[in-house]
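Undergrad: Sending over model36.cif (mmCIF, C-alpha atoms, pLDDT in the B column; chains and numbers go by the auth columns).
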data_target
loop_
_atom_site.group_PDB
_atom_site.id
_atom_site.type_symbol
_atom_site.label_atom_id
_atom_site.label_comp_id
_atom_site.label_asym_id
_atom_site.label_seq_id
_atom_site.Cartn_x
_atom_site.Cartn_y
_atom_site.Cartn_z
_atom_site.B_iso_or_equiv
_atom_site.auth_seq_id
_atom_site.auth_asym_id
ATOM 1 C CA LYS A 1 153.233 107.389 131.855 82.00 1089 A
ATOM 2 C CA GLN A 2 153.001 105.161 128.809 90.00 1090 A
ATOM 3 C CA GLU A 3 152.897 107.059 125.511 93.00 1091 A
ATOM 4 C CA VAL A 4 151.733 105.289 122.348 96.00 1092 A
ATOM 5 C CA THR A 5 152.399 106.753 118.913 96.00 1093 A
ATOM 6 C CA GLN A 6 151.116 105.591 115.553 96.00 1094 A
ATOM 7 C CA ILE A 7 152.654 106.589 112.261 92.00 1095 A
ATOM 8 C CA PRO A 8 151.445 107.526 109.747 92.00 1096 A
ATOM 9 C CA ALA A 9 148.276 109.288 110.910 94.00 1097 A
ATOM 10 C CA ALA A 10 146.680 108.654 107.523 96.00 1098 A
ATOM 11 C CA LEU A 11 147.456 106.368 104.628 96.00 1099 A
ATOM 12 C CA SER A 12 145.894 105.939 101.201 97.00 1100 A
ATOM 13 C CA VAL A 13 146.794 102.961 99.007 97.00 1101 A
ATOM 14 C CA PRO A 14 145.462 101.314 95.839 97.00 1102 A
ATOM 15 C CA GLU A 15 143.625 98.023 96.193 98.00 1103 A
ATOM 16 C CA GLY A 16 145.873 94.973 96.244 97.00 1104 A
ATOM 17 C CA GLU A 17 148.865 96.673 97.801 97.00 1105 A
ATOM 18 C CA ASN A 18 150.591 95.270 100.870 97.00 1106 A
ATOM 19 C CA LEU A 19 151.030 97.782 103.680 96.00 1107 A
ATOM 20 C CA VAL A 20 152.543 98.231 107.125 97.00 1108 A
ATOM 21 C CA LEU A 21 151.179 100.258 110.020 97.00 1109 A
ATOM 22 C CA ASN A 22 153.483 101.246 112.848 97.00 1110 A
ATOM 23 C CA CYS A 23 152.989 101.556 116.574 97.00 1111 A
ATOM 24 C CA SER A 24 155.605 102.633 119.112 97.00 1112 A
ATOM 25 C CA PHE A 25 155.433 102.837 122.892 96.00 1113 A
ATOM 26 C CA THR A 26 157.693 104.365 125.505 95.00 1114 A
ATOM 27 C CA ASP A 27 157.626 101.785 128.320 90.00 1115 A
ATOM 28 C CA SER A 28 158.639 98.268 127.299 89.00 1116 A
ATOM 29 C CA ALA A 29 157.221 96.679 130.483 90.00 1117 A
ATOM 30 C CA ILE A 30 153.897 95.777 128.901 89.00 1118 A
ATOM 31 C CA TYR A 31 151.657 92.765 129.484 88.00 1119 A
ATOM 32 C CA ASN A 32 150.373 92.611 125.929 92.00 1120 A
ATOM 33 C CA LEU A 33 149.591 94.622 122.801 95.00 1121 A
ATOM 34 C CA GLN A 34 146.319 94.572 120.914 95.00 1122 A
ATOM 35 C CA TRP A 35 145.427 95.862 117.447 97.00 1123 A
ATOM 36 C CA PHE A 36 141.914 97.084 116.691 97.00 1124 A
ATOM 37 C CA ARG A 37 140.023 98.540 113.769 97.00 1125 A
ATOM 38 C CA GLN A 38 137.332 101.158 114.131 96.00 1126 A
ATOM 39 C CA ASP A 39 134.803 102.075 111.489 95.00 1127 A
ATOM 40 C CA PRO A 40 133.389 105.636 111.598 89.00 1128 A
ATOM 41 C CA GLY A 41 131.114 106.168 114.584 84.00 1129 A
ATOM 42 C CA LYS A 42 131.396 102.562 115.681 87.00 1130 A
ATOM 43 C CA GLY A 43 133.059 100.601 118.436 90.00 1131 A
ATOM 44 C CA LEU A 44 136.398 98.840 118.182 94.00 1132 A
ATOM 45 C CA THR A 45 136.853 95.418 116.632 95.00 1133 A
ATOM 46 C CA SER A 46 139.719 93.336 117.976 95.00 1134 A
ATOM 47 C CA LEU A 47 142.100 92.155 115.268 97.00 1135 A
ATOM 48 C CA LEU A 48 145.063 90.596 117.038 96.00 1136 A
ATOM 49 C CA LEU A 49 146.403 90.247 120.566 94.00 1137 A
ATOM 50 C CA ILE A 50 150.130 89.677 121.124 94.00 1138 A
ATOM 51 C CA GLN A 51 151.167 88.666 124.608 90.00 1139 A
ATOM 52 C CA SER A 52 154.442 90.041 125.940 89.00 1140 A
ATOM 53 C CA SER A 53 156.189 86.671 125.528 90.00 1141 A
ATOM 54 C CA GLN A 54 155.219 86.414 121.858 92.00 1142 A
ATOM 55 C CA ARG A 55 156.898 87.923 118.809 94.00 1143 A
ATOM 56 C CA GLU A 56 154.015 87.824 116.342 95.00 1144 A
ATOM 57 C CA GLN A 57 150.451 86.777 115.630 95.00 1145 A
ATOM 58 C CA THR A 58 148.696 86.060 112.370 96.00 1146 A
ATOM 59 C CA SER A 59 145.060 86.071 111.341 96.00 1147 A
ATOM 60 C CA GLY A 60 144.201 85.687 107.679 97.00 1148 A
ATOM 61 C CA ARG A 61 145.762 88.569 105.742 97.00 1149 A
ATOM 62 C CA LEU A 62 146.938 90.255 108.956 98.00 1150 A
ATOM 63 C CA ASN A 63 150.248 89.765 110.708 98.00 1151 A
ATOM 64 C CA ALA A 64 151.303 91.699 113.790 97.00 1152 A
ATOM 65 C CA SER A 65 154.779 91.693 115.262 97.00 1153 A
ATOM 66 C CA LEU A 66 156.054 92.878 118.614 96.00 1154 A
ATOM 67 C CA ASP A 67 159.552 93.990 119.607 95.00 1155 A
ATOM 68 C CA LYS A 68 159.325 94.890 123.280 93.00 1156 A
ATOM 69 C CA SER A 69 162.968 95.902 123.629 92.00 1157 A
ATOM 70 C CA SER A 70 162.637 98.607 120.995 94.00 1158 A
ATOM 71 C CA GLY A 71 159.066 99.511 121.946 95.00 1159 A
ATOM 72 C CA ARG A 72 157.628 98.776 118.513 96.00 1160 A
ATOM 73 C CA SER A 73 154.887 96.832 116.832 97.00 1161 A
ATOM 74 C CA THR A 74 153.860 96.589 113.209 97.00 1162 A
ATOM 75 C CA LEU A 75 150.626 95.479 111.603 97.00 1163 A
ATOM 76 C CA TYR A 76 151.106 94.039 108.128 98.00 1164 A
ATOM 77 C CA ILE A 77 148.067 93.859 105.844 98.00 1165 A
ATOM 78 C CA ALA A 78 148.489 91.758 102.733 98.00 1166 A
ATOM 79 C CA ALA A 79 146.591 92.312 99.483 98.00 1167 A
ATOM 80 C CA SER A 80 144.558 95.239 100.801 97.00 1168 A
ATOM 81 C CA GLN A 81 140.848 95.525 99.926 97.00 1169 A
ATOM 82 C CA PRO A 82 138.413 98.479 100.023 97.00 1170 A
ATOM 83 C CA GLY A 83 136.731 96.814 103.010 97.00 1171 A
ATOM 84 C CA ASP A 84 139.949 97.288 104.961 98.00 1172 A
ATOM 85 C CA SER A 85 139.321 101.057 104.988 98.00 1173 A
ATOM 86 C CA ALA A 86 139.035 102.059 108.646 98.00 1174 A
ATOM 87 C CA THR A 87 141.047 103.541 111.481 97.00 1175 A
ATOM 88 C CA TYR A 88 143.531 101.128 113.005 98.00 1176 A
ATOM 89 C CA LEU A 89 144.438 101.515 116.664 97.00 1177 A
ATOM 90 C CA CYS A 90 147.064 99.829 118.750 97.00 1178 A
ATOM 91 C CA ALA A 91 146.884 99.564 122.517 96.00 1179 A
ATOM 92 C CA VAL A 92 149.429 98.411 125.085 94.00 1180 A
ATOM 93 C CA SER A 93 148.562 97.227 128.556 90.00 1181 A
ATOM 94 C CA VAL A 94 150.274 98.040 131.832 84.00 1182 A
ATOM 95 C CA ASN A 95 147.581 97.951 134.540 81.00 1183 A
ATOM 96 C CA GLN A 96 145.321 99.590 131.982 86.00 1184 A
ATOM 97 C CA PHE A 97 145.228 99.889 128.213 90.00 1185 A
ATOM 98 C CA TYR A 98 146.921 102.895 126.596 93.00 1186 A
ATOM 99 C CA PHE A 99 145.799 103.671 123.065 95.00 1187 A
ATOM 100 C CA GLY A 100 147.543 105.308 120.166 95.00 1188 A
ATOM 101 C CA THR A 101 145.741 107.955 118.122 92.00 1189 A
ATOM 102 C CA GLY A 102 145.330 105.612 115.184 96.00 1190 A
ATOM 103 C CA THR A 103 146.111 105.372 111.494 97.00 1191 A
ATOM 104 C CA SER A 104 143.279 106.190 109.116 97.00 1192 A
ATOM 105 C CA LEU A 105 143.545 103.806 106.168 98.00 1193 A
ATOM 106 C CA THR A 106 141.819 104.304 102.826 98.00 1194 A
ATOM 107 C CA VAL A 107 142.052 101.565 100.213 98.00 1195 A
ATOM 108 C CA ILE A 108 141.164 102.893 96.767 97.00 1196 A
ATOM 109 C CA PRO A 109 139.373 100.481 94.395 96.00 1197 A
ATOM 110 C CA LYS B 1 127.733 84.201 121.922 68.00 735 B
ATOM 111 C CA ALA B 2 126.297 87.703 122.176 82.00 736 B
ATOM 112 C CA GLY B 3 128.754 90.589 122.094 94.00 737 B
ATOM 113 C CA VAL B 4 129.091 93.568 124.389 97.00 738 B
ATOM 114 C CA THR B 5 125.963 95.706 124.440 97.00 739 B
ATOM 115 C CA GLN B 6 125.634 99.324 125.470 98.00 740 B
ATOM 116 C CA THR B 7 122.524 101.354 126.128 97.00 741 B
ATOM 117 C CA PRO B 8 121.440 103.858 125.144 97.00 742 B
ATOM 118 C CA ARG B 9 123.232 104.274 121.843 97.00 743 B
ATOM 119 C CA TYR B 10 122.602 108.003 121.611 97.00 744 B
ATOM 120 C CA LEU B 11 121.894 110.573 124.276 97.00 745 B
ATOM 121 C CA ILE B 12 121.415 114.331 124.316 98.00 746 B
ATOM 122 C CA LYS B 13 121.662 116.107 127.664 98.00 747 B
ATOM 123 C CA THR B 14 121.844 119.656 128.893 98.00 748 B
ATOM 124 C CA ARG B 15 124.810 121.110 130.764 98.00 749 B
ATOM 125 C CA GLY B 16 124.439 120.531 134.511 98.00 750 B
ATOM 126 C CA GLN B 17 122.356 117.370 134.184 98.00 751 B
ATOM 127 C CA GLN B 18 123.568 113.897 135.034 98.00 752 B
ATOM 128 C CA VAL B 19 123.584 110.772 132.904 98.00 753 B
ATOM 129 C CA THR B 20 123.867 107.017 133.414 98.00 754 B
ATOM 130 C CA LEU B 21 125.185 104.682 130.750 98.00 755 B
ATOM 131 C CA SER B 22 124.903 100.910 130.829 98.00 756 B
ATOM 132 C CA CYS B 23 127.157 98.121 129.585 98.00 757 B
ATOM 133 C CA SER B 24 126.439 94.387 129.457 98.00 758 B
ATOM 134 C CA PRO B 25 129.602 92.317 128.933 97.00 759 B
ATOM 135 C CA ILE B 26 130.007 89.074 127.043 96.00 760 B
ATOM 136 C CA SER B 27 128.636 86.170 129.047 95.00 761 B
ATOM 137 C CA GLY B 28 131.332 84.824 131.372 93.00 762 B
ATOM 138 C CA HIS B 29 133.446 87.972 131.265 94.00 763 B
ATOM 139 C CA ARG B 30 134.088 89.492 134.680 94.00 764 B
ATOM 140 C CA SER B 31 135.942 92.662 133.767 94.00 765 B
ATOM 141 C CA VAL B 32 134.399 95.807 132.309 96.00 766 B
ATOM 142 C CA SER B 33 136.452 98.849 131.334 96.00 767 B
ATOM 143 C CA TRP B 34 135.128 102.238 130.285 97.00 768 B
ATOM 144 C CA TYR B 35 136.726 104.658 127.836 97.00 769 B
ATOM 145 C CA GLN B 36 135.997 108.147 126.565 97.00 770 B
ATOM 146 C CA GLN B 37 136.778 108.869 122.920 96.00 771 B
ATOM 147 C CA THR B 38 136.987 112.413 121.557 95.00 772 B
ATOM 148 C CA PRO B 39 138.562 113.766 118.354 90.00 773 B
ATOM 149 C CA GLY B 40 141.055 115.825 120.327 86.00 774 B
ATOM 150 C CA GLN B 41 142.126 113.374 123.052 90.00 775 B
ATOM 151 C CA GLY B 42 141.554 110.029 121.395 91.00 776 B
ATOM 152 C CA LEU B 43 140.681 107.047 123.568 94.00 777 B
ATOM 153 C CA GLN B 44 141.189 107.629 127.265 95.00 778 B
ATOM 154 C CA PHE B 45 140.746 105.095 130.033 95.00 779 B
ATOM 155 C CA LEU B 46 138.128 105.976 132.643 97.00 780 B
ATOM 156 C CA PHE B 47 138.039 102.968 134.979 95.00 781 B
ATOM 157 C CA GLU B 48 137.847 99.205 135.178 95.00 782 B
ATOM 158 C CA TYR B 49 135.613 97.025 137.300 95.00 783 B
ATOM 159 C CA PHE B 50 136.372 93.405 138.096 94.00 784 B
ATOM 160 C CA SER B 51 134.095 91.260 140.247 92.00 785 B
ATOM 161 C CA GLU B 52 132.169 94.339 141.430 94.00 786 B
ATOM 162 C CA THR B 53 135.315 96.173 142.567 95.00 787 B
ATOM 163 C CA GLN B 54 137.006 99.101 140.892 94.00 788 B
ATOM 164 C CA ARG B 55 140.399 97.759 139.861 92.00 789 B
ATOM 165 C CA ASN B 56 141.919 100.745 138.098 91.00 790 B
ATOM 166 C CA LYS B 57 141.018 104.360 137.540 94.00 791 B
ATOM 167 C CA GLY B 58 142.160 106.844 134.940 93.00 792 B
ATOM 168 C CA ASN B 59 142.755 110.540 135.327 93.00 793 B
ATOM 169 C CA PHE B 60 139.213 111.871 135.262 96.00 794 B
ATOM 170 C CA PRO B 61 137.404 114.092 137.798 96.00 795 B
ATOM 171 C CA GLY B 62 135.160 112.646 140.476 96.00 796 B
ATOM 172 C CA ARG B 63 132.091 113.569 138.412 97.00 797 B
ATOM 173 C CA PHE B 64 132.762 110.336 136.556 98.00 798 B
ATOM 174 C CA SER B 65 131.854 107.263 138.555 97.00 799 B
ATOM 175 C CA GLY B 66 130.839 103.704 137.933 97.00 800 B
ATOM 176 C CA ARG B 67 129.757 100.466 139.460 97.00 801 B
ATOM 177 C CA GLN B 68 129.436 96.830 138.587 98.00 802 B
ATOM 178 C CA PHE B 69 126.696 94.429 139.559 97.00 803 B
ATOM 179 C CA SER B 70 126.897 90.776 140.544 96.00 804 B
ATOM 180 C CA ASN B 71 125.961 89.724 136.989 94.00 805 B
ATOM 181 C CA SER B 72 128.987 91.766 135.713 95.00 806 B
ATOM 182 C CA ARG B 73 126.803 94.414 134.081 97.00 807 B
ATOM 183 C CA SER B 74 128.255 97.855 134.648 98.00 808 B
ATOM 184 C CA GLU B 75 126.962 101.395 134.765 98.00 809 B
ATOM 185 C CA MET B 76 128.816 104.642 134.370 98.00 810 B
ATOM 186 C CA ASN B 77 127.487 107.900 135.753 98.00 811 B
ATOM 187 C CA VAL B 78 128.507 111.437 134.920 98.00 812 B
ATOM 188 C CA SER B 79 127.163 114.186 137.157 96.00 813 B
ATOM 189 C CA THR B 80 126.997 117.914 136.474 97.00 814 B
ATOM 190 C CA LEU B 81 127.588 117.506 132.767 98.00 815 B
ATOM 191 C CA GLU B 82 129.883 119.919 130.955 98.00 816 B
ATOM 192 C CA LEU B 83 130.077 120.672 127.228 97.00 817 B
ATOM 193 C CA GLY B 84 133.462 118.953 127.146 96.00 818 B
ATOM 194 C CA ASP B 85 131.866 115.668 128.209 98.00 819 B
ATOM 195 C CA SER B 86 130.417 115.279 124.723 98.00 820 B
ATOM 196 C CA ALA B 87 132.076 112.121 123.431 97.00 821 B
ATOM 197 C CA LEU B 88 131.686 108.516 122.408 96.00 822 B
ATOM 198 C CA TYR B 89 131.734 106.382 125.548 97.00 823 B
ATOM 199 C CA LEU B 90 132.927 102.854 124.975 97.00 824 B
ATOM 200 C CA CYS B 91 132.955 99.901 127.264 97.00 825 B
ATOM 201 C CA ALA B 92 135.029 96.774 126.847 95.00 826 B
ATOM 202 C CA SER B 93 134.755 93.411 128.514 95.00 827 B
ATOM 203 C CA SER B 94 137.394 90.771 129.095 92.00 828 B
ATOM 204 C CA LEU B 95 137.573 87.385 130.714 89.00 829 B
ATOM 205 C CA GLY B 96 139.807 88.458 133.587 80.00 830 B
ATOM 206 C CA GLY B 97 141.734 91.570 134.520 73.00 831 B
ATOM 207 C CA GLY B 98 141.384 93.949 131.606 64.00 832 B
ATOM 208 C CA ASP B 99 145.076 94.548 131.025 69.00 833 B
ATOM 209 C CA LEU B 100 145.918 90.839 130.882 74.00 834 B
ATOM 210 C CA HIS B 101 143.274 89.582 128.492 83.00 835 B
ATOM 211 C CA GLU B 102 141.874 90.416 125.097 88.00 836 B
ATOM 212 C CA GLN B 103 139.340 93.220 125.236 92.00 837 B
ATOM 213 C CA TYR B 104 136.072 93.197 123.331 94.00 838 B
ATOM 214 C CA PHE B 105 134.328 96.493 122.753 95.00 839 B
ATOM 215 C CA GLY B 106 130.698 97.476 122.554 96.00 840 B
ATOM 216 C CA PRO B 107 129.259 99.842 119.915 96.00 841 B
ATOM 217 C CA GLY B 108 129.439 102.837 122.248 96.00 842 B
ATOM 218 C CA THR B 109 127.081 105.501 123.527 97.00 843 B
ATOM 219 C CA ARG B 110 127.273 108.848 121.754 97.00 844 B
ATOM 220 C CA LEU B 111 126.678 111.571 124.369 98.00 845 B
ATOM 221 C CA THR B 112 126.007 115.118 123.269 98.00 846 B
ATOM 222 C CA VAL B 113 125.888 117.853 125.906 98.00 847 B
ATOM 223 C CA THR B 114 124.220 121.114 124.880 97.00 848 B
#
Could I get this structure in the form of structure tokens?

TA:
Amino acid sequence: KQEVTQIPAALSVPEGENLVLNCSFTDSAIYNLQWFRQDPGKGLTSLLLIQSSQREQTSGRLNASLDKSSGRSTLYIAASQPGDSATYLCAVSVNQFYFGTGTSLTVIP
Amino acid sequence: KAGVTQTPRYLIKTRGQQVTLSCSPISGHRSVSWYQQTPGQGLQFLFEYFSETQRNKGNFPGRFSGRQFSNSRSEMNVSTLELGDSALYLCASSLGGGDLHEQYFGPGTRLTVT
């Protein structure tokens, strides 16, 4: 069974700092990997989707990379803002999506 | 284009009752997946429907069931509710098979079982 781990579980940074969130998975035979953010009590908002043949995707201040062979993905957030405060989840797909437990990010003004 | 909608948004039920949740996907999307989110277990996959057929199923008891209609709208039913069923239930829609395409989530239904 696919296991997805996200480290750290919580992160607090001052506004303007660049940061990296990590996601690791046990089975490298994935179709794709998707990063989401979730605000308290809300649904998930899709941030980036990386297909298995891709190495990275970028959207604005966000950049996600994928290394299938090592079972790792990183989400890089540049110039963090208080509005980036949320829980960030990664999910890998193999017949279904398997989610990590998330990283709770707090950006301090 | 309208996003994924879920109704109702909040629900309070008593142990032993049954409940039906509804999900309307993004127009043109044919796949709907359901997830249960709890503080202890995180997000867990319940099942996926594609073109009115259950395509995949997670590891949940038979009390959890679902269906999809010809317009791609989906319903999830939980019978004989237990206290442990209290959770945020999320549905996600995608263009094709859920594990191959980007998933878009609805706001969720918060179910409380007393």

Undergrad: Evaluated on this file, the PyMOL selection byres ((chain A) within 8 of (chain B)) picks out some residues - which ones are they, written as a JSON list (two decimals) with C-alpha atoms, in the coordinates of the input?

TA:
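Generated output (part.json):
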[["chain", "number", "residue", "atom", "x", "y", "z"],
["A", 1119, "TYR", "CA", 151.66, 92.76, 129.48],
["A", 1120, "ASN", "CA", 150.37, 92.61, 125.93],
["A", 1122, "GLN", "CA", 146.32, 94.57, 120.91],
["A", 1130, "LYS", "CA", 131.40, 102.56, 115.68],
["A", 1131, "GLY", "CA", 133.06, 100.60, 118.44],
["A", 1132, "LEU", "CA", 136.40, 98.84, 118.18],
["A", 1133, "THR", "CA", 136.85, 95.42, 116.63],
["A", 1134, "SER", "CA", 139.72, 93.34, 117.98],
["A", 1137, "LEU", "CA", 146.40, 90.25, 120.57],
["A", 1181, "SER", "CA", 148.56, 97.23, 128.56],
["A", 1182, "VAL", "CA", 150.27, 98.04, 131.83],
["A", 1183, "ASN", "CA", 147.58, 97.95, 134.54],
["A", 1184, "GLN", "CA", 145.32, 99.59, 131.98],
["A", 1185, "PHE", "CA", 145.23, 99.89, 128.21],
["A", 1186, "TYR", "CA", 146.92, 102.90, 126.60],
["A", 1187, "PHE", "CA", 145.80, 103.67, 123.06],
["A", 1188, "GLY", "CA", 147.54, 105.31, 120.17],
["A", 1189, "THR", "CA", 145.74, 107.96, 118.12]]

Undergrad: One decimal, Å: what's the distance from CA of Ser808 in chain B over to CA of Gly737 in chain B, could you say?

TA: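 Atom-to-atom, CA of Ser808 in chain B to CA of Gly737 in chain B, that is 14.5 Å.
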
Undergrad: Evaluating the PyMOL selection byres ((chain A and resi 1128) around 8) on the displayed file yields which residues, as a ChimeraX atom specification?

TA: /A:1126-1127,1129-1130,1174-1175

Undergrad: Using Å and a single decimal, report how far CA of Gln802 in chain B sits from CA of Gly830 in chain B.

TA: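 Atom-to-atom, CA of Gly830 in chain B to CA of Gln802 in chain B, that is 14.2 Å.
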
Undergrad: Name every residue that the PyMOL selection byres ((chain A and resi 1108-1116) around 10) selects in this structure, writing the answer as a PDB file with C-alpha atoms, in the coordinates of the input with chains first and numbers rising.

TA:
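Below is the file that was written, part17.pdb:
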ATOM      1  CA  LYS A1089     153.233 107.389 131.855  1.00 82.00           C
ATOM      2  CA  GLN A1090     153.001 105.161 128.809  1.00 90.00           C
ATOM      3  CA  GLU A1091     152.897 107.059 125.511  1.00 93.00           C
ATOM      4  CA  VAL A1092     151.733 105.289 122.348  1.00 96.00           C
ATOM      5  CA  THR A1093     152.399 106.753 118.913  1.00 96.00           C
ATOM      6  CA  GLN A1094     151.116 105.591 115.553  1.00 96.00           C
ATOM      7  CA  ILE A1095     152.654 106.589 112.261  1.00 92.00           C
ATOM      8  CA  PRO A1096     151.445 107.526 109.747  1.00 92.00           C
ATOM      9  CA  ALA A1097     148.276 109.288 110.910  1.00 94.00           C
ATOM     10  CA  ALA A1098     146.680 108.654 107.523  1.00 96.00           C
ATOM     11  CA  LEU A1099     147.456 106.368 104.628  1.00 96.00           C
ATOM     12  CA  ASN A1106     150.591  95.270 100.870  1.00 97.00           C
ATOM     13  CA  LEU A1107     151.030  97.782 103.680  1.00 96.00           C
ATOM     14  CA  ALA A1117     157.221  96.679 130.483  1.00 90.00           C
ATOM     15  CA  ILE A1118     153.897  95.777 128.901  1.00 89.00           C
ATOM     16  CA  TYR A1119     151.657  92.765 129.484  1.00 88.00           C
ATOM     17  CA  LEU A1121     149.591  94.622 122.801  1.00 95.00           C
ATOM     18  CA  TRP A1123     145.427  95.862 117.447  1.00 97.00           C
ATOM     19  CA  SER A1140     154.442  90.041 125.940  1.00 89.00           C
ATOM     20  CA  LEU A1150     146.938  90.255 108.956  1.00 98.00           C
ATOM     21  CA  ASN A1151     150.248  89.765 110.708  1.00 98.00           C
ATOM     22  CA  ALA A1152     151.303  91.699 113.790  1.00 97.00           C
ATOM     23  CA  SER A1153     154.779  91.693 115.262  1.00 97.00           C
ATOM     24  CA  LEU A1154     156.054  92.878 118.614  1.00 96.00           C
ATOM     25  CA  ASP A1155     159.552  93.990 119.607  1.00 95.00           C
ATOM     26  CA  LYS A1156     159.325  94.890 123.280  1.00 93.00           C
ATOM     27  CA  SER A1157     162.968  95.902 123.629  1.00 92.00           C
ATOM     28  CA  SER A1158     162.637  98.607 120.995  1.00 94.00           C
ATOM     29  CA  GLY A1159     159.066  99.511 121.946  1.00 95.00           C
ATOM     30  CA  ARG A1160     157.628  98.776 118.513  1.00 96.00           C
ATOM     31  CA  SER A1161     154.887  96.832 116.832  1.00 97.00           C
ATOM     32  CA  THR A1162     153.860  96.589 113.209  1.00 97.00           C
ATOM     33  CA  LEU A1163     150.626  95.479 111.603  1.00 97.00           C
ATOM     34  CA  TYR A1164     151.106  94.039 108.128  1.00 98.00           C
ATOM     35  CA  ILE A1165     148.067  93.859 105.844  1.00 98.00           C
ATOM     36  CA  ALA A1166     148.489  91.758 102.733  1.00 98.00           C
ATOM     37  CA  TYR A1176     143.531 101.128 113.005  1.00 98.00           C
ATOM     38  CA  LEU A1177     144.438 101.515 116.664  1.00 97.00           C
ATOM     39  CA  CYS A1178     147.064  99.829 118.750  1.00 97.00           C
ATOM     40  CA  ALA A1179     146.884  99.564 122.517  1.00 96.00           C
ATOM     41  CA  VAL A1180     149.429  98.411 125.085  1.00 94.00           C
ATOM     42  CA  VAL A1182     150.274  98.040 131.832  1.00 84.00           C
ATOM     43  CA  TYR A1186     146.921 102.895 126.596  1.00 93.00           C
ATOM     44  CA  PHE A1187     145.799 103.671 123.065  1.00 95.00           C
ATOM     45  CA  GLY A1188     147.543 105.308 120.166  1.00 95.00           C
ATOM     46  CA  THR A1189     145.741 107.955 118.122  1.00 92.00           C
ATOM     47  CA  GLY A1190     145.330 105.612 115.184  1.00 96.00           C
ATOM     48  CA  THR A1191     146.111 105.372 111.494  1.00 97.00           C
ATOM     49  CA  SER A1192     143.279 106.190 109.116  1.00 97.00           C
ATOM     50  CA  LEU A1193     143.545 103.806 106.168  1.00 98.00           C
TER      51      LEU A1193
END

Undergrad: Can you patch up range 1131-1135 of chain A, filling it in to all heavy atoms, and show the result as a compact mmCIF listing (two decimals), in the frame of the given file?

TA:
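Output file selection.txt follows:
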# COMPACT_ATOMS: atom_id res chain seq x y z
N GLY A 1131 132.14 101.08 117.42
CA GLY A 1131 133.06 100.60 118.44
C GLY A 1131 134.30 100.00 117.80
O GLY A 1131 134.48 100.05 116.60
N LEU A 1132 135.16 99.42 118.65
CA LEU A 1132 136.40 98.84 118.18
C LEU A 1132 136.23 97.34 117.97
O LEU A 1132 135.59 96.66 118.78
CB LEU A 1132 137.51 99.07 119.21
CG LEU A 1132 138.22 100.42 119.19
CD1 LEU A 1132 137.30 101.56 119.53
CD2 LEU A 1132 139.41 100.38 120.14
N THR A 1133 136.84 96.85 116.91
CA THR A 1133 136.85 95.42 116.63
C THR A 1133 138.26 94.90 116.85
O THR A 1133 139.21 95.42 116.26
CB THR A 1133 136.42 95.14 115.19
OG1 THR A 1133 135.10 95.64 114.99
CG2 THR A 1133 136.44 93.64 114.90
N SER A 1134 138.40 93.89 117.71
CA SER A 1134 139.72 93.34 117.98
C SER A 1134 140.23 92.58 116.76
O SER A 1134 139.50 91.79 116.15
CB SER A 1134 139.64 92.39 119.18
OG SER A 1134 140.90 91.78 119.40
N LEU A 1135 141.48 92.84 116.40
CA LEU A 1135 142.10 92.16 115.27
C LEU A 1135 143.08 91.09 115.75
O LEU A 1135 143.00 89.93 115.35
CB LEU A 1135 142.83 93.16 114.38
CG LEU A 1135 141.98 94.23 113.71
CD1 LEU A 1135 142.84 95.25 113.01
CD2 LEU A 1135 140.98 93.60 112.74
